[in-house]
>>> print(open('run.pdb').read())   # PDB, C-alpha atoms
ATOM      1  CA  MET A 114      43.418 -63.126 -33.111
ATOM      2  CA  LYS A 115      41.027 -66.064 -33.018
ATOM      3  CA  GLU A 116      42.264 -69.413 -31.792
ATOM      4  CA  THR A 117      39.828 -71.292 -33.956
ATOM      5  CA  ASP A 118      37.609 -69.926 -36.642
ATOM      6  CA  GLN A 119      35.408 -72.722 -37.884
ATOM      7  CA  HIS A 120      32.333 -70.516 -37.673
ATOM      8  CA  GLU A 121      31.975 -67.830 -40.255
ATOM      9  CA  ASP A 122      28.977 -66.194 -38.620
ATOM     10  CA  MET A 123      30.974 -63.495 -36.858
ATOM     11  CA  GLY A 124      34.573 -62.346 -37.022
ATOM     12  CA  CYS A 125      36.563 -60.406 -34.455
ATOM     13  CA  LEU A 126      35.940 -57.085 -36.152
ATOM     14  CA  GLU A 127      32.183 -57.587 -36.089
ATOM     15  CA  ALA A 128      32.362 -58.977 -32.555
ATOM     16  CA  ILE A 129      34.071 -55.853 -31.272
ATOM     17  CA  GLU A 130      31.523 -53.694 -33.073
ATOM     18  CA  THR A 131      28.749 -55.745 -31.459
ATOM     19  CA  LEU A 132      30.232 -55.889 -27.975
ATOM     20  CA  TYR A 133      28.522 -52.881 -26.410
ATOM     21  CA  ALA A 134      25.082 -53.771 -27.740
ATOM     22  CA  TRP A 135      25.594 -57.275 -26.315
ATOM     23  CA  LEU A 136      26.635 -55.924 -22.914
ATOM     24  CA  ASP A 137      23.566 -53.695 -22.887
ATOM     25  CA  ASN A 138      21.211 -56.554 -23.843
ATOM     26  CA  GLU A 139      20.343 -54.885 -27.123
ATOM     27  CA  LEU A 140      20.930 -57.835 -29.455
ATOM     28  CA  ASP A 141      18.162 -60.081 -30.660
ATOM     29  CA  PRO A 142      18.522 -63.740 -29.611
ATOM     30  CA  SER A 143      20.145 -64.906 -32.834
ATOM     31  CA  GLN A 144      22.647 -62.025 -32.823
ATOM     32  CA  ALA A 145      23.452 -62.692 -29.174
ATOM     33  CA  ALA A 146      23.922 -66.410 -29.855
ATOM     34  CA  SER A 147      26.246 -65.638 -32.736
ATOM     35  CA  PHE A 148      28.269 -63.237 -30.600
ATOM     36  CA  GLU A 149      28.471 -65.665 -27.673
ATOM     37  CA  HIS A 150      29.496 -68.437 -30.033
ATOM     38  CA  HIS A 151      32.355 -66.239 -31.171
ATOM     39  CA  LEU A 152      33.396 -65.573 -27.576
ATOM     40  CA  LYS A 153      33.574 -69.294 -26.880
ATOM     41  CA  HIS A 154      36.064 -69.720 -29.679
ATOM     42  CA  CYS A 155      38.092 -66.542 -29.350
ATOM     43  CA  LYS A 156      40.103 -66.055 -26.198
ATOM     44  CA  SER A 157      41.115 -62.554 -27.191
ATOM     45  CA  CYS A 158      37.553 -61.329 -27.706
ATOM     46  CA  PHE A 159      36.454 -63.151 -24.563
ATOM     47  CA  SER A 160      39.046 -61.184 -22.564
ATOM     48  CA  ARG A 161      37.876 -57.958 -24.134
ATOM     49  CA  ALA A 162      34.271 -58.720 -23.324
ATOM     50  CA  GLU A 163      35.204 -59.462 -19.717
ATOM     51  CA  LEU A 164      37.145 -56.214 -19.520
ATOM     52  CA  GLU A 165      34.195 -54.216 -20.787
ATOM     53  CA  ARG A 166      31.822 -56.056 -18.480
ATOM     54  CA  ALA A 167      34.089 -55.124 -15.574
ATOM     55  CA  LEU A 168      34.149 -51.512 -16.741
ATOM     56  CA  THR A 169      30.341 -51.449 -16.795
ATOM     57  CA  GLY A 170      30.345 -52.596 -13.165
ATOM     58  CA  HIS A 171      32.904 -49.929 -12.281
ATOM     59  CA  ILE A 172      30.758 -47.274 -13.942
ATOM     60  CA  ARG A 173      27.747 -48.292 -11.857
ATOM     61  CA  ARG A 174      29.751 -48.345  -8.630
ATOM     62  CA  SER A 175      31.593 -45.149  -9.431
ATOM     63  CA  SER A 176      28.334 -43.352  -9.990
ATOM     64  CA  GLY A 177      27.583 -44.195  -6.383
ATOM     65  CA  ILE A 178      24.048 -45.350  -6.860
ATOM     66  CA  GLU A 179      24.358 -49.062  -7.398
ATOM     67  CA  THR A 180      22.287 -51.019  -4.920
ATOM     68  CA  ALA A 181      23.800 -53.766  -2.783
ATOM     69  CA  ASP A 182      22.340 -56.438  -5.021
ATOM     70  CA  GLY A 183      23.833 -54.843  -8.108
ATOM     71  CA  GLY A 184      20.558 -53.330  -9.242
ATOM     72  CA  GLN A 185      19.656 -49.797 -10.159
ATOM     73  CA  SER A 186      19.663 -46.762  -7.963
ATOM     74  CA  ALA A 187      17.003 -46.722  -5.296
ATOM     75  CA  ALA A 188      14.476 -43.956  -4.941
ATOM     76  CA  PRO A 189      14.709 -42.355  -1.482
ATOM     77  CA  ALA A 190      12.061 -43.145   1.120
ATOM     78  CA  SER A 191      10.807 -39.557   0.928
ATOM     79  CA  LEU A 192       9.879 -40.061  -2.726
ATOM     80  CA  GLN A 193       8.267 -43.405  -2.017
ATOM     81  CA  ASN A 194       6.113 -41.838   0.687
ATOM     82  CA  ARG A 195       5.225 -38.931  -1.556
ATOM     83  CA  LEU A 196       4.181 -41.209  -4.410
ATOM     84  CA  ASP A 197       2.241 -43.493  -2.068
ATOM     85  CA  LYS A 198       0.175 -40.503  -0.941
ATOM     86  CA  LEU A 199      -0.191 -39.225  -4.456
ATOM     87  CA  LEU A 200      -1.374 -42.581  -5.801
ATOM     88  CA  LYS A 201      -3.937 -42.930  -3.015
ATOM     89  CA  GLU A 202      -5.401 -39.587  -4.003
ATOM     90  CA  LEU A 203      -5.806 -40.492  -7.667
TER
ATOM     91  CA  MET B 289      10.513 -54.904 -14.481
ATOM     92  CA  GLN B 290       8.070 -53.929 -17.185
ATOM     93  CA  GLN B 291       4.669 -55.554 -16.833
ATOM     94  CA  ASP B 292       2.651 -56.322 -19.869
ATOM     95  CA  ALA B 293      -0.740 -54.657 -19.998
ATOM     96  CA  ARG B 294      -2.194 -58.018 -20.951
ATOM     97  CA  ASP B 295      -1.917 -58.844 -17.248
ATOM     98  CA  VAL B 296      -4.596 -56.267 -16.582
ATOM     99  CA  THR B 297      -7.857 -58.093 -16.051
ATOM    100  CA  GLY B 298     -11.275 -57.243 -14.754
ATOM    101  CA  GLN B 299     -10.322 -57.594 -11.111
ATOM    102  CA  ASP B 300      -7.162 -55.580 -11.549
ATOM    103  CA  ASP B 301      -8.401 -52.199 -12.564
ATOM    104  CA  ILE B 302      -6.474 -49.487 -14.301
ATOM    105  CA  LYS B 303      -5.672 -47.566 -11.144
ATOM    106  CA  GLN B 304      -4.165 -50.580  -9.440
ATOM    107  CA  TRP B 305      -2.226 -51.388 -12.565
ATOM    108  CA  PHE B 306      -0.960 -47.817 -12.851
ATOM    109  CA  SER B 307       0.098 -47.773  -9.197
ATOM    110  CA  ARG B 308       1.920 -51.036  -9.641
ATOM    111  CA  MET B 309       3.752 -49.751 -12.702
ATOM    112  CA  VAL B 310       4.783 -46.603 -10.838
ATOM    113  CA  GLY B 311       6.077 -48.691  -7.936
ATOM    114  CA  ASP B 312       7.940 -51.120 -10.173
ATOM    115  CA  ASN B 313       9.620 -48.332 -12.141
ATOM    116  CA  MET B 314      10.140 -45.772  -9.400
ATOM    117  CA  ASP B 315      13.870 -46.415  -9.094
ATOM    118  CA  ALA B 316      14.468 -46.074 -12.836
ATOM    119  CA  MET B 317      12.361 -42.900 -13.028
ATOM    120  CA  TYR B 318      14.216 -41.415 -10.090
ATOM    121  CA  GLY B 319      17.610 -42.350 -11.532
ATOM    122  CA  VAL B 320      16.796 -40.711 -14.855
ATOM    123  CA  ALA B 321      15.354 -37.637 -13.136
ATOM    124  CA  LEU B 322      18.435 -37.397 -10.951
ATOM    125  CA  HIS B 323      20.740 -37.444 -13.941
ATOM    126  CA  LEU B 324      18.627 -34.886 -15.822
ATOM    127  CA  THR B 325      18.192 -32.424 -12.979
ATOM    128  CA  GLY B 326      21.419 -32.996 -11.090
ATOM    129  CA  ASN B 327      19.928 -32.838  -7.616
ATOM    130  CA  SER B 328      17.700 -35.066  -5.515
ATOM    131  CA  ALA B 329      15.047 -32.484  -4.580
ATOM    132  CA  SER B 330      14.394 -31.534  -8.195
ATOM    133  CA  ALA B 331      14.490 -35.195  -9.189
ATOM    134  CA  GLU B 332      11.762 -36.032  -6.669
ATOM    135  CA  ASP B 333       9.649 -33.139  -7.926
ATOM    136  CA  LEU B 334      10.130 -34.236 -11.517
ATOM    137  CA  VAL B 335       9.081 -37.830 -10.769
ATOM    138  CA  ALA B 336       5.999 -36.666  -8.872
ATOM    139  CA  GLU B 337       5.028 -34.288 -11.698
ATOM    140  CA  THR B 338       5.562 -37.090 -14.189
ATOM    141  CA  VAL B 339       3.278 -39.459 -12.279
ATOM    142  CA  ILE B 340       0.532 -36.828 -12.073
ATOM    143  CA  LYS B 341       0.844 -36.055 -15.768
ATOM    144  CA  ALA B 342       0.935 -39.731 -16.699
ATOM    145  CA  TRP B 343      -2.253 -40.465 -14.752
ATOM    146  CA  SER B 344      -4.053 -37.529 -16.334
ATOM    147  CA  SER B 345      -3.020 -38.833 -19.763
ATOM    148  CA  ILE B 346      -3.534 -42.524 -19.127
ATOM    149  CA  ASP B 347      -6.350 -42.752 -21.687
ATOM    150  CA  ARG B 348      -3.863 -41.827 -24.395
ATOM    151  CA  LEU B 349      -1.658 -44.819 -23.689
ATOM    152  CA  GLU B 350      -2.772 -47.128 -26.466
ATOM    153  CA  ASP B 351      -0.387 -49.999 -25.791
ATOM    154  CA  ARG B 352      -0.009 -50.525 -22.074
ATOM    155  CA  GLY B 353       2.915 -52.813 -22.759
ATOM    156  CA  SER B 354       4.782 -49.658 -23.769
ATOM    157  CA  TRP B 355       4.353 -48.029 -20.387
ATOM    158  CA  ARG B 356       8.047 -47.452 -19.731
ATOM    159  CA  PRO B 357       8.978 -45.554 -22.926
ATOM    160  CA  TRP B 358       5.663 -43.694 -22.644
ATOM    161  CA  VAL B 359       6.326 -42.543 -19.090
ATOM    162  CA  PHE B 360       9.959 -41.680 -19.868
ATOM    163  CA  ARG B 361       8.709 -39.479 -22.712
ATOM    164  CA  ILE B 362       6.407 -37.702 -20.248
ATOM    165  CA  LEU B 363       9.282 -37.331 -17.802
ATOM    166  CA  ARG B 364      11.462 -35.790 -20.485
ATOM    167  CA  ASN B 365       8.696 -33.397 -21.566
ATOM    168  CA  GLU B 366       8.045 -32.375 -17.969
ATOM    169  CA  PHE B 367      11.765 -31.770 -17.498
ATOM    170  CA  ILE B 368      11.950 -29.569 -20.605
ATOM    171  CA  SER B 369       8.753 -27.663 -19.815
ATOM    172  CA  GLY B 370      10.002 -27.094 -16.266
ATOM    173  CA  TYR B 371      13.086 -25.427 -17.654
ATOM    174  CA  ARG B 372      10.967 -23.375 -20.051
ATOM    175  CA  LYS B 373       8.844 -22.115 -17.177
ATOM    176  CA  LYS B 374      11.989 -20.983 -15.414
ATOM    177  CA  SER B 375      13.287 -19.462 -18.662
ATOM    178  CA  ILE B 376      16.381 -21.570 -18.361
ATOM    179  CA  ARG B 377      17.651 -23.590 -21.271
ATOM    180  CA  PRO B 378      18.122 -27.287 -20.687
ATOM    181  CA  VAL B 379      21.470 -28.906 -21.250
ATOM    182  CA  GLU B 380      22.648 -27.997 -24.710
ATOM    183  CA  VAL B 381      23.301 -31.040 -26.829
ATOM    184  CA  SER B 382      24.154 -29.434 -30.132
ATOM    185  CA  TRP B 383      27.856 -30.130 -30.369
ATOM    186  CA  SER B 384      29.040 -32.362 -33.142
ATOM    187  CA  GLU B 385      29.193 -36.043 -32.425
ATOM    188  CA  GLU B 386      31.041 -36.636 -35.645
ATOM    189  CA  THR B 387      34.247 -34.874 -34.726
ATOM    190  CA  GLN B 388      37.242 -36.656 -33.351
ATOM    191  CA  ASP B 389      37.914 -36.412 -29.669
ATOM    192  CA  GLU B 390      40.738 -34.149 -28.737
ATOM    193  CA  ASP B 391      42.953 -36.480 -26.771
ATOM    194  CA  GLY B 392      45.118 -37.211 -29.765
ATOM    195  CA  PHE B 393      44.167 -40.866 -29.860
ATOM    196  CA  GLY B 394      41.272 -40.636 -32.299
ATOM    197  CA  LEU B 395      38.215 -42.704 -31.579
ATOM    198  CA  SER B 396      39.177 -46.187 -32.688
ATOM    199  CA  SER B 397      38.590 -48.562 -29.828
ATOM    200  CA  MET B 398      41.475 -49.694 -27.692
ATOM    201  CA  LEU B 399      39.880 -53.094 -27.956
ATOM    202  CA  MET B 400      40.352 -52.884 -31.694
ATOM    203  CA  GLU B 401      43.968 -51.946 -31.229
ATOM    204  CA  GLN B 402      44.680 -55.061 -29.204
ATOM    205  CA  PRO B 403      46.411 -53.440 -26.273
ATOM    206  CA  GLU B 404      47.731 -56.567 -24.605
ATOM    207  CA  GLU B 405      49.398 -54.338 -22.034
ATOM    208  CA  PHE B 406      46.021 -52.855 -21.189
ATOM    209  CA  LEU B 407      44.391 -56.270 -20.935
ATOM    210  CA  ASN B 408      47.179 -57.524 -18.701
ATOM    211  CA  TRP B 409      46.916 -54.458 -16.524
ATOM    212  CA  TRP B 410      43.188 -54.965 -16.116
ATOM    213  CA  ALA B 411      43.686 -58.578 -15.096
ATOM    214  CA  SER B 412      46.478 -57.688 -12.698
ATOM    215  CA  PRO B 413      46.736 -59.631  -9.414
ATOM    216  CA  GLU B 414      46.646 -56.237  -7.709
ATOM    217  CA  GLN B 415      43.063 -55.939  -8.839
ATOM    218  CA  GLU B 416      41.718 -54.739  -5.494
ATOM    219  CA  LEU B 417      44.193 -51.916  -5.246
ATOM    220  CA  ILE B 418      43.577 -50.999  -8.842
ATOM    221  CA  ASN B 419      39.830 -51.193  -8.364
ATOM    222  CA  GLY B 420      40.065 -48.770  -5.464
ATOM    223  CA  LEU B 421      42.048 -46.308  -7.496
ATOM    224  CA  LEU B 422      39.850 -46.813 -10.499
ATOM    225  CA  GLY B 423      36.741 -45.677  -8.670
ATOM    226  CA  GLU B 424      37.986 -42.119  -8.430
ATOM    227  CA  GLN B 425      39.520 -42.220 -11.883
ATOM    228  CA  ILE B 426      36.329 -43.503 -13.460
ATOM    229  CA  ARG B 427      34.257 -40.832 -11.725
ATOM    230  CA  GLU B 428      36.591 -38.181 -13.088
ATOM    231  CA  ALA B 429      36.632 -39.746 -16.546
ATOM    232  CA  ILE B 430      32.822 -39.870 -16.659
ATOM    233  CA  ASP B 431      32.550 -36.284 -15.445
ATOM    234  CA  GLN B 432      34.906 -35.176 -18.198
ATOM    235  CA  LEU B 433      33.026 -36.901 -21.006
ATOM    236  CA  PRO B 434      31.205 -34.625 -23.440
ATOM    237  CA  GLU B 435      27.678 -34.245 -22.085
ATOM    238  CA  VAL B 436      25.925 -36.247 -24.815
ATOM    239  CA  PHE B 437      28.105 -39.277 -24.123
ATOM    240  CA  ARG B 438      28.062 -38.867 -20.343
ATOM    241  CA  MET B 439      24.283 -38.686 -20.174
ATOM    242  CA  THR B 440      23.804 -41.625 -22.534
ATOM    243  CA  ILE B 441      26.188 -43.846 -20.566
ATOM    244  CA  LEU B 442      24.557 -42.894 -17.266
ATOM    245  CA  LEU B 443      21.048 -43.584 -18.568
ATOM    246  CA  VAL B 444      21.981 -46.956 -20.052
ATOM    247  CA  ASN B 445      24.709 -48.294 -17.782
ATOM    248  CA  VAL B 446      23.569 -46.814 -14.469
ATOM    249  CA  ASP B 447      19.807 -46.343 -14.774
ATOM    250  CA  GLY B 448      19.364 -49.513 -16.815
ATOM    251  CA  LEU B 449      17.405 -47.945 -19.670
ATOM    252  CA  SER B 450      17.210 -49.746 -22.988
ATOM    253  CA  TYR B 451      18.552 -47.933 -26.040
ATOM    254  CA  ASP B 452      14.941 -47.313 -27.078
ATOM    255  CA  GLU B 453      14.100 -45.764 -23.711
ATOM    256  CA  ALA B 454      17.257 -43.669 -23.712
ATOM    257  CA  SER B 455      16.392 -42.427 -27.198
ATOM    258  CA  VAL B 456      12.999 -41.285 -25.875
ATOM    259  CA  VAL B 457      14.519 -39.499 -22.876
ATOM    260  CA  LEU B 458      17.179 -37.755 -24.932
ATOM    261  CA  GLY B 459      14.992 -37.162 -27.983
ATOM    262  CA  VAL B 460      17.408 -38.728 -30.467
ATOM    263  CA  PRO B 461      17.150 -41.748 -32.811
ATOM    264  CA  PHE B 462      17.928 -45.266 -31.628
ATOM    265  CA  GLY B 463      21.029 -45.428 -33.827
ATOM    266  CA  THR B 464      22.410 -42.309 -32.169
ATOM    267  CA  ILE B 465      22.198 -43.978 -28.772
ATOM    268  CA  ARG B 466      24.017 -47.029 -30.062
ATOM    269  CA  SER B 467      26.686 -44.830 -31.613
ATOM    270  CA  ARG B 468      27.036 -42.723 -28.470
ATOM    271  CA  MET B 469      27.479 -45.807 -26.339
ATOM    272  CA  LYS B 470      30.334 -47.040 -28.490
ATOM    273  CA  ARG B 471      32.014 -43.674 -28.747
ATOM    274  CA  GLY B 472      31.476 -42.752 -25.126
ATOM    275  CA  ARG B 473      32.845 -46.044 -23.859
ATOM    276  CA  THR B 474      35.830 -45.720 -26.190
ATOM    277  CA  ILE B 475      36.651 -42.258 -24.872
ATOM    278  CA  LEU B 476      36.284 -43.650 -21.356
ATOM    279  CA  GLN B 477      38.685 -46.518 -22.051
ATOM    280  CA  LYS B 478      41.317 -44.129 -23.256
ATOM    281  CA  ALA B 479      40.848 -41.733 -20.375
ATOM    282  CA  LEU B 480      41.331 -44.621 -17.943
ATOM    283  CA  TRP B 481      44.337 -45.881 -19.802
ATOM    284  CA  THR B 482      45.895 -42.421 -19.637
ATOM    285  CA  ALA B 483      44.998 -42.109 -15.958
ATOM    286  CA  ALA B 484      46.562 -45.506 -15.280
ATOM    287  CA  HIS B 485      49.777 -44.400 -16.921
ATOM    288  CA  GLU B 486      49.805 -41.162 -14.962
ATOM    289  CA  ALA B 487      49.206 -43.079 -11.738
ATOM    290  CA  GLY B 488      52.001 -45.482 -12.577
ATOM    291  CA  LEU B 489      49.586 -48.393 -12.715
ATOM    292  CA  ALA B 490      50.607 -49.390 -16.195
ATOM    293  CA  ALA B 491      53.962 -49.336 -17.887
ATOM    294  CA  ALA B 492      54.499 -46.144 -19.810
ATOM    295  CA  SER B 493      56.578 -47.794 -22.447
ATOM    296  CA  GLU B 494      53.758 -48.293 -24.926
ATOM    297  CA  ARG B 495      51.220 -45.611 -25.436
ATOM    298  CA  VAL B 496      48.245 -47.140 -27.097
ATOM    299  CA  GLY B 497      46.985 -45.373 -30.151
ATOM    300  CA  ASN B 498      50.292 -44.066 -31.347
TER
END
>>> encode(input="run.pdb", output="structure tokens")
Amino acid sequence: MKETDQHEDMGCLEAIETLYAWLDNELDPSQAASFEHHLKHCKSCFSRAELERALTGHIRRSSGIETADGGQSAAPASLQNRLDKLLKEL
Amino acid sequence: MQQDARDVTGQDDIKQWFSRMVGDNMDAMYGVALHLTGNSASAEDLVAETVIKAWSSIDRLEDRGSWRPWVFRILRNEFISGYRKKSIRPVEVSWSEETQDEDGFGLSSMLMEQPEEFLNWWASPEQELINGLLGEQIREAIDQLPEVFRMTILLVNVDGLSYDEASVVLGVPFGTIRSRMKRGRTILQKALWTAAHEAGLAAASERVGN
């Protein structure tokens, strides 16, 4: 599976288990570095990570509320106006 | 997005800070409220009620750096109490998350099974056509996910909540969110793979998981 495996810090099995937490920015820096190191040396896992990253983008778009800049859904102007008024009255 | 309460200084009083936090997190609050309530009018009401409740409870926020999970907890409580007032039960989330899915594939990840055919299909030169078809297929696949997985994926992947924040909103431990993300995404992969076969987008010669 791996093209080179000089680094024992993470194998493919662990990388696949870690993939979703990495995509969701839930790894601490050392875990993320270890995972990304693995990706650099494993074409197969790199492809899988890219596939899952693409799926995450599809999920956002398919839910129909991704903003043009790829951010989160935008609150409608009516809510913004309502909260503006509400906050002024606090 | 989240602003540390340490930024609050003498010239930046608590009300200004609170207003700024509401403004900075309005989209995320609305997204979560939309997914909980299922309609925009109720979502707007829920966010407004949450802001009012949060302001009235601001003295109880001990660590202002934890504003987001704190306000998401209030939002969740307001959502639940709103349903109680209407004598309607909120979405039931009691089904087992330990059982196998029923598609016959089991829950081991397609990524684990090394479906080269699937990887090749995804990287197809006809990506644009496939992407267009996938939009509808992904919507359907998400809609058909068991509710616990669907909601968790929407909160994390669409609303941008951290696992911690999603655990607050859904009232489950952090580890459950992590587990649901893996299982939910795995079910989604397989649903898409099946849909691709049915749509003739991938060769039917090898059915992954068998």
>>> closest_atom_pairs(input="run.pdb", of="chain A", to="chain B", cutoff="10 Å", atoms="only C-alpha atoms", output="Markdown table")
| residue | atom | partner | partner_atom | distance |
| --- | --- | --- | --- | --- |
| A:Met114 | CA | B:Gln402 | CA | 9.0 |
| A:Cys125 | CA | B:Met400 | CA | 8.9 |
| A:Leu126 | CA | B:Met400 | CA | 7.5 |
| A:Ile129 | CA | B:Met400 | CA | 7.0 |
| A:Glu130 | CA | B:Lys470 | CA | 8.2 |
| A:Thr131 | CA | B:Lys470 | CA | 9.3 |
| A:Leu132 | CA | B:Lys470 | CA | 8.9 |
| A:Tyr133 | CA | B:Lys470 | CA | 6.5 |
| A:Ala134 | CA | B:Arg466 | CA | 7.2 |
| A:Leu136 | CA | B:Asn445 | CA | 9.4 |
| A:Asp137 | CA | B:Val444 | CA | 7.5 |
| A:Asn138 | CA | B:Ser450 | CA | 7.9 |
| A:Glu139 | CA | B:Tyr451 | CA | 7.3 |
| A:Ser157 | CA | B:Gln402 | CA | 8.5 |
| A:Cys158 | CA | B:Leu399 | CA | 8.6 |
| A:Ser160 | CA | B:Leu407 | CA | 7.4 |
| A:Arg161 | CA | B:Leu399 | CA | 6.5 |
| A:Ala162 | CA | B:Leu399 | CA | 9.2 |
| A:Glu163 | CA | B:Ala411 | CA | 9.7 |
| A:Leu164 | CA | B:Trp410 | CA | 7.0 |
| A:Glu165 | CA | B:Arg473 | CA | 8.8 |
| A:Ala167 | CA | B:Trp410 | CA | 9.1 |
| A:Leu168 | CA | B:Gln477 | CA | 8.6 |
| A:Thr169 | CA | B:Asn445 | CA | 6.5 |
| A:Gly170 | CA | B:Asn445 | CA | 8.5 |
| A:His171 | CA | B:Gly423 | CA | 6.8 |
| A:Ile172 | CA | B:Ile426 | CA | 6.7 |
| A:Arg173 | CA | B:Val446 | CA | 5.1 |
| A:Arg174 | CA | B:Gly423 | CA | 7.5 |
| A:Ser175 | CA | B:Gly423 | CA | 5.2 |
| A:Ser176 | CA | B:Arg427 | CA | 6.7 |
| A:Gly177 | CA | B:Arg427 | CA | 9.2 |
| A:Ile178 | CA | B:Val446 | CA | 7.8 |
| A:Glu179 | CA | B:Val446 | CA | 7.5 |
| A:Gly184 | CA | B:Gly448 | CA | 8.6 |
| A:Gln185 | CA | B:Asp447 | CA | 5.8 |
| A:Ser186 | CA | B:Asp315 | CA | 5.9 |
| A:Ala187 | CA | B:Asp315 | CA | 4.9 |
| A:Ala188 | CA | B:Asp315 | CA | 4.9 |
| A:Pro189 | CA | B:Asp315 | CA | 8.7 |
| A:Ser191 | CA | B:Glu332 | CA | 8.4 |
| A:Leu192 | CA | B:Glu332 | CA | 5.9 |
| A:Gln193 | CA | B:Met314 | CA | 8.0 |
| A:Arg195 | CA | B:Ala336 | CA | 7.7 |
| A:Leu196 | CA | B:Ala336 | CA | 6.6 |
| A:Asp197 | CA | B:Ser307 | CA | 8.6 |
| A:Leu199 | CA | B:Ile340 | CA | 8.0 |
| A:Leu200 | CA | B:Ser307 | CA | 6.4 |
| A:Lys201 | CA | B:Ser307 | CA | 8.8 |
| A:Leu203 | CA | B:Lys303 | CA | 7.9 |
>>> write_last_selection(input="run.pdb", atoms="C-alpha atoms", output="mmCIF file, keeping the file's coordinate frame")
data_model
loop_
_atom_site.group_PDB
_atom_site.id
_atom_site.type_symbol
_atom_site.label_atom_id
_atom_site.label_comp_id
_atom_site.auth_asym_id
_atom_site.auth_seq_id
_atom_site.Cartn_x
_atom_site.Cartn_y
_atom_site.Cartn_z
ATOM 1 C CA MET A 114 43.418 -63.126 -33.111
ATOM 2 C CA CYS A 125 36.563 -60.406 -34.455
ATOM 3 C CA LEU A 126 35.940 -57.085 -36.152
ATOM 4 C CA ILE A 129 34.071 -55.853 -31.272
ATOM 5 C CA GLU A 130 31.523 -53.694 -33.073
ATOM 6 C CA THR A 131 28.749 -55.745 -31.459
ATOM 7 C CA LEU A 132 30.232 -55.889 -27.975
ATOM 8 C CA TYR A 133 28.522 -52.881 -26.410
ATOM 9 C CA ALA A 134 25.082 -53.771 -27.740
ATOM 10 C CA LEU A 136 26.635 -55.924 -22.914
ATOM 11 C CA ASP A 137 23.566 -53.695 -22.887
ATOM 12 C CA ASN A 138 21.211 -56.554 -23.843
ATOM 13 C CA GLU A 139 20.343 -54.885 -27.123
ATOM 14 C CA SER A 157 41.115 -62.554 -27.191
ATOM 15 C CA CYS A 158 37.553 -61.329 -27.706
ATOM 16 C CA SER A 160 39.046 -61.184 -22.564
ATOM 17 C CA ARG A 161 37.876 -57.958 -24.134
ATOM 18 C CA ALA A 162 34.271 -58.720 -23.324
ATOM 19 C CA GLU A 163 35.204 -59.462 -19.717
ATOM 20 C CA LEU A 164 37.145 -56.214 -19.520
ATOM 21 C CA GLU A 165 34.195 -54.216 -20.787
ATOM 22 C CA ALA A 167 34.089 -55.124 -15.574
ATOM 23 C CA LEU A 168 34.149 -51.512 -16.741
ATOM 24 C CA THR A 169 30.341 -51.449 -16.795
ATOM 25 C CA GLY A 170 30.345 -52.596 -13.165
ATOM 26 C CA HIS A 171 32.904 -49.929 -12.281
ATOM 27 C CA ILE A 172 30.758 -47.274 -13.942
ATOM 28 C CA ARG A 173 27.747 -48.292 -11.857
ATOM 29 C CA ARG A 174 29.751 -48.345 -8.630
ATOM 30 C CA SER A 175 31.593 -45.149 -9.431
ATOM 31 C CA SER A 176 28.334 -43.352 -9.990
ATOM 32 C CA GLY A 177 27.583 -44.195 -6.383
ATOM 33 C CA ILE A 178 24.048 -45.350 -6.860
ATOM 34 C CA GLU A 179 24.358 -49.062 -7.398
ATOM 35 C CA GLY A 184 20.558 -53.330 -9.242
ATOM 36 C CA GLN A 185 19.656 -49.797 -10.159
ATOM 37 C CA SER A 186 19.663 -46.762 -7.963
ATOM 38 C CA ALA A 187 17.003 -46.722 -5.296
ATOM 39 C CA ALA A 188 14.476 -43.956 -4.941
ATOM 40 C CA PRO A 189 14.709 -42.355 -1.482
ATOM 41 C CA SER A 191 10.807 -39.557 0.928
ATOM 42 C CA LEU A 192 9.879 -40.061 -2.726
ATOM 43 C CA GLN A 193 8.267 -43.405 -2.017
ATOM 44 C CA ARG A 195 5.225 -38.931 -1.556
ATOM 45 C CA LEU A 196 4.181 -41.209 -4.410
ATOM 46 C CA ASP A 197 2.241 -43.493 -2.068
ATOM 47 C CA LEU A 199 -0.191 -39.225 -4.456
ATOM 48 C CA LEU A 200 -1.374 -42.581 -5.801
ATOM 49 C CA LYS A 201 -3.937 -42.930 -3.015
ATOM 50 C CA LEU A 203 -5.806 -40.492 -7.667
#
>>> atom_distance(input="run.pdb", atom1="CA of His323 (chain B)", atom2="CA of Lys341 (chain B)")
20.0 Å
>>> atom_distance(input="run.pdb", atom1="CA of Cys155 (chain A)", atom2="CA of Arg471 (chain B)")
23.7 Å
>>> axis_aligned_box(input="run.pdb", around="region 336-341 of chain B", padding_each_side="4 Å", output="lines of an AutoDock Vina configuration file")
center_x = 3.3
center_y = -36.9
center_z = -12.3
size_x = 13.5
size_y = 13.2
size_z = 14.9
>>> closest_residue(input="run.pdb", among="B:Ser345, B:Thr325, B:Ser455, B:Thr338", to="Leu363 (chain B)", atoms="only C-alpha atoms")
B:Thr338
>>> atom_distance(input="run.pdb", atom1="CA of Arg352 (chain B)", atom2="CA of Leu443 (chain B)")
22.4 Å
>>> resolve_selection(input="run.pdb", expression="the PyMOL selection byres ((chain B and resi 360) around 8)", output="PDB file with C-alpha atoms, keeping the file's coordinate frame")
ATOM      1  CA  MET B 317      12.361 -42.900 -13.028  1.00  0.00           C
ATOM      2  CA  ARG B 356       8.047 -47.452 -19.731  1.00  0.00           C
ATOM      3  CA  PRO B 357       8.978 -45.554 -22.926  1.00  0.00           C
ATOM      4  CA  TRP B 358       5.663 -43.694 -22.644  1.00  0.00           C
ATOM      5  CA  VAL B 359       6.326 -42.543 -19.090  1.00  0.00           C
ATOM      6  CA  ARG B 361       8.709 -39.479 -22.712  1.00  0.00           C
ATOM      7  CA  ILE B 362       6.407 -37.702 -20.248  1.00  0.00           C
ATOM      8  CA  LEU B 363       9.282 -37.331 -17.802  1.00  0.00           C
ATOM      9  CA  ARG B 364      11.462 -35.790 -20.485  1.00  0.00           C
ATOM     10  CA  GLU B 453      14.100 -45.764 -23.711  1.00  0.00           C
ATOM     11  CA  VAL B 456      12.999 -41.285 -25.875  1.00  0.00           C
ATOM     12  CA  VAL B 457      14.519 -39.499 -22.876  1.00  0.00           C
TER      13      VAL B 457
END
